[in-house]
Amino acid sequence: MTTVGAADAAMPSLFEAAAYCLAADTPDTKVAATAAVAAAFQRNEVAIPEDAPPPEPIGMPGRPPRPRLVHPRDLPHRGLGSSEGMAAFLHAIAHIEFNAIDLAWDAVYRFRGLPRQYYADWVGVAADEARHFTLLRTRLREFGHDYGYFEAHNGLWEMAQKTAHDGLARMALVPRVLEARGLDVTPGMIAKLRQHGDEATVGILEVILREEVAHVAAGSRWYRWFCEREGVDPRARFRELLAEYAGGVLRGPFNIPARTAAGFDSDELAILEAGL
Ligand SMILES: [Fe+2]
Ligand SMILES: [Fe+2]
């Protein structure tokens, strides 16, 4: 096995490690595996093979039998006024973070032959997402429920499958559309939680919002890197990809300061504001 940098042939491969984290099928094992691989990567104990075979297709990453996955329109809407409603809200966000762990590992696993910094960025994102999931799961347990109790949808992983063939499309549509949506909606959630006096959950969402800006920024950097490598105009391609994969419509209002910090330029923001 040839390796990049200081890694040596006896080390586990990053792609095998990412596959291991993807396959982990309980919340505890996925979180623990993610933290362990991210720490080993930081210590430079994980090799990035230059001659790895092509990635295997992944139908579904490892996940617990619950939550039961349903169509988004079949998810009940509950207000935050009751303890059950708060638990359902926390569960929905915890589910997004659980999926985000797999999305980050899949960005590592699926796209090969890229600069070391690409892998460092997405390993770091996986570790952040595992932490976000744990923060929310812990809070959910304080409301008497655990991850798996409510139903959930599979929209995030479906986008990973649709973009599995193309790193450029993945960077455009997962970090710069799905994760960026979190930047838009989280301030409103924080305001609502504050009205209900739930400062503990507010504190968690503030951490998540801050860290998600960095995830979207990594998506912007690597999206532009792929565009440059392929000699395509990033703005025109972004518009095309939105039309092809996201129905051409992103709903506002947009969190302009957070999106600016996350690498959206003024032309892209103008495109979004104008409804594409
Ligand atoms: Fe997150
Ligand atoms: Fe994220």
# chains A, B, ... in the order shown; residues from 1 in each chain; ligands from 1

$ residues_around --residues "Ala104 in chain A" --least-positions-apart "5" --cutoff "10 Å" --atoms "only C-alpha atoms" --output "number ranges by chain"
A: 18, 22, 99, 109, 119, 121-129, 160, 174-175, 215

$ write_last_selection --atoms "N, CA and C atoms" --output "short mmCIF file (atom, residue, chain, number, x, y, z; two decimals), in the first residue's frame"
data_model
loop_
_atom_site.label_atom_id
_atom_site.label_comp_id
_atom_site.auth_asym_id
_atom_site.auth_seq_id
_atom_site.Cartn_x
_atom_site.Cartn_y
_atom_site.Cartn_z
N ALA A 18 -13.37 4.76 7.42
CA ALA A 18 -14.64 5.45 7.11
C ALA A 18 -15.75 4.42 6.89
N LEU A 22 -19.25 4.09 8.86
CA LEU A 22 -20.53 4.05 8.13
C LEU A 22 -21.34 2.82 8.53
N ASN A 99 -27.58 11.44 10.73
CA ASN A 99 -27.35 11.31 9.29
C ASN A 99 -26.11 12.08 8.86
N TYR A 109 -15.17 8.50 2.35
CA TYR A 109 -15.06 7.15 1.80
C TYR A 109 -15.14 7.13 0.27
N TYR A 119 -9.67 15.37 3.15
CA TYR A 119 -10.02 14.31 4.11
C TYR A 119 -10.00 14.86 5.54
N ASP A 121 -10.69 17.84 6.49
CA ASP A 121 -11.90 18.65 6.70
C ASP A 121 -13.10 17.75 7.02
N TRP A 122 -13.30 16.67 6.24
CA TRP A 122 -14.52 15.88 6.41
C TRP A 122 -14.43 14.92 7.59
N VAL A 123 -13.21 14.51 7.94
CA VAL A 123 -13.06 13.74 9.20
C VAL A 123 -13.43 14.66 10.37
N GLY A 124 -12.98 15.89 10.32
CA GLY A 124 -13.31 16.85 11.38
C GLY A 124 -14.81 17.10 11.46
N VAL A 125 -15.46 17.18 10.30
CA VAL A 125 -16.92 17.38 10.28
C VAL A 125 -17.61 16.16 10.91
N ALA A 126 -17.16 14.95 10.56
CA ALA A 126 -17.78 13.74 11.14
C ALA A 126 -17.71 13.79 12.67
N ALA A 127 -16.54 14.19 13.18
CA ALA A 127 -16.37 14.26 14.64
C ALA A 127 -17.31 15.31 15.24
N ASP A 128 -17.45 16.46 14.57
CA ASP A 128 -18.39 17.49 15.05
C ASP A 128 -19.82 16.95 15.07
N GLU A 129 -20.21 16.26 13.99
CA GLU A 129 -21.60 15.79 13.90
C GLU A 129 -21.89 14.77 15.00
N ALA A 160 -27.23 11.87 -0.57
CA ALA A 160 -25.89 11.27 -0.64
C ALA A 160 -25.85 10.24 -1.77
N VAL A 174 -24.86 18.72 -0.69
CA VAL A 174 -24.97 18.34 0.72
C VAL A 174 -24.55 19.50 1.62
N PRO A 175 -23.27 19.91 1.64
CA PRO A 175 -22.97 21.03 2.54
C PRO A 175 -23.65 22.34 2.12
N HIS A 215 -18.74 23.93 8.51
CA HIS A 215 -19.00 22.80 7.61
C HIS A 215 -19.38 23.30 6.22
#

$ residues_near_ligand --ligand "ligand 1" --cutoff "7 Å" --atoms "only C-alpha atoms and all ligand atoms" --output "number ranges by chain"
A: 97, 100, 128-129, 132, 208, 212

$ write_last_selection --atoms "C-alpha atoms" --output "tab-separated table (two decimals), in the first residue's frame"
chain	number	residue	atom	x	y	z
A	97	GLU	CA	-27.07	15.03	13.10
A	100	ALA	CA	-24.74	14.06	9.09
A	128	ASP	CA	-18.39	17.49	15.05
A	129	GLU	CA	-21.60	15.79	13.90
A	132	HIS	CA	-23.84	17.40	17.96
A	208	ILE	CA	-24.29	23.67	16.40
A	212	GLU	CA	-22.18	24.34	10.93

$ atom_distance --atom1 "CA of Met189 in chain A" --atom2 "CA of Pro65 in chain A"
28.5 Å

$ closest_residue --among "A:Glu273, A:Asp28, A:Asp267, A:Asp51" --to "Thr134 in chain A" --atoms "only C-alpha atoms"
A:Asp28

$ residues_around --residues "Arg221 in chain A" --least-positions-apart "5" --cutoff "9 Å" --atoms "only C-alpha atoms" --output "PyMOL selection string"
chain A and resi 171+216+226+263

$ select_by_dssp --residues "range 38-233 of chain A" --states "helix (DSSP H, G or I)" --output "PyMOL selection string"
chain A and resi 38-42+72-74+83-110+116-142+155-162+167-195+199-230

$ residues_around --residues "Pro53 in chain A" --least-positions-apart "6" --cutoff "12 Å" --atoms "only C-alpha atoms" --output "list in words"
Met1, Ser13, Phe15, Glu16, Tyr109, Arg110, Phe111, Arg112 and Gly113 of chain A

$ atom_distance --atom1 "CA of Thr163 in chain A" --atom2 "CA of Pro187 in chain A"
28.4 Å

$ closest_atom_pairs --of "range 110-215 of chain A" --to "range 76-89 of chain A" --cutoff "10 Å" --atoms "only C-alpha atoms" --output "JSON lines"
{"residue": "A:Leu136", "atom": "CA", "partner": "A:Ala87", "partner_atom": "CA", "distance": 9.9}
{"residue": "A:Arg137", "atom": "CA", "partner": "A:Ala87", "partner_atom": "CA", "distance": 9.8}
{"residue": "A:Arg139", "atom": "CA", "partner": "A:Ala87", "partner_atom": "CA", "distance": 8.6}
{"residue": "A:Leu140", "atom": "CA", "partner": "A:Ala87", "partner_atom": "CA", "distance": 5.7}
{"residue": "A:Arg141", "atom": "CA", "partner": "A:Ala87", "partner_atom": "CA", "distance": 8.3}
{"residue": "A:Glu142", "atom": "CA", "partner": "A:Ala87", "partner_atom": "CA", "distance": 8.8}
{"residue": "A:Phe143", "atom": "CA", "partner": "A:Ala87", "partner_atom": "CA", "distance": 5.9}
{"residue": "A:Gly144", "atom": "CA", "partner": "A:Ala87", "partner_atom": "CA", "distance": 7.9}
{"residue": "A:His145", "atom": "CA", "partner": "A:Ala87", "partner_atom": "CA", "distance": 6.8}
{"residue": "A:Asp146", "atom": "CA", "partner": "A:Ala87", "partner_atom": "CA", "distance": 8.7}
{"residue": "A:Tyr147", "atom": "CA", "partner": "A:Ala87", "partner_atom": "CA", "distance": 9.7}
{"residue": "A:Tyr149", "atom": "CA", "partner": "A:Ala88", "partner_atom": "CA", "distance": 8.7}
{"residue": "A:Phe150", "atom": "CA", "partner": "A:Ala88", "partner_atom": "CA", "distance": 6.6}
{"residue": "A:Glu151", "atom": "CA", "partner": "A:Pro76", "partner_atom": "CA", "distance": 8.7}
{"residue": "A:Ala152", "atom": "CA", "partner": "A:Pro76", "partner_atom": "CA", "distance": 9.8}
{"residue": "A:Met189", "atom": "CA", "partner": "A:Phe89", "partner_atom": "CA", "distance": 9.8}
{"residue": "A:Lys192", "atom": "CA", "partner": "A:Leu80", "partner_atom": "CA", "distance": 8.3}
{"residue": "A:Leu193", "atom": "CA", "partner": "A:Leu80", "partner_atom": "CA", "distance": 7.7}
{"residue": "A:Gln195", "atom": "CA", "partner": "A:Leu80", "partner_atom": "CA", "distance": 9.9}
{"residue": "A:His196", "atom": "CA", "partner": "A:Gly81", "partner_atom": "CA", "distance": 7.3}
{"residue": "A:Asp198", "atom": "CA", "partner": "A:Met86", "partner_atom": "CA", "distance": 9.6}
{"residue": "A:Thr201", "atom": "CA", "partner": "A:Met86", "partner_atom": "CA", "distance": 9.7}

$ residues_around --residues "Ala23 in chain A" --least-positions-apart "2" --cutoff "12 Å" --atoms "only C-alpha atoms" --output "PyMOL selection string"
chain A and resi 16-21+25-27+29-31+33-34+58-64+101-102+105-106+109
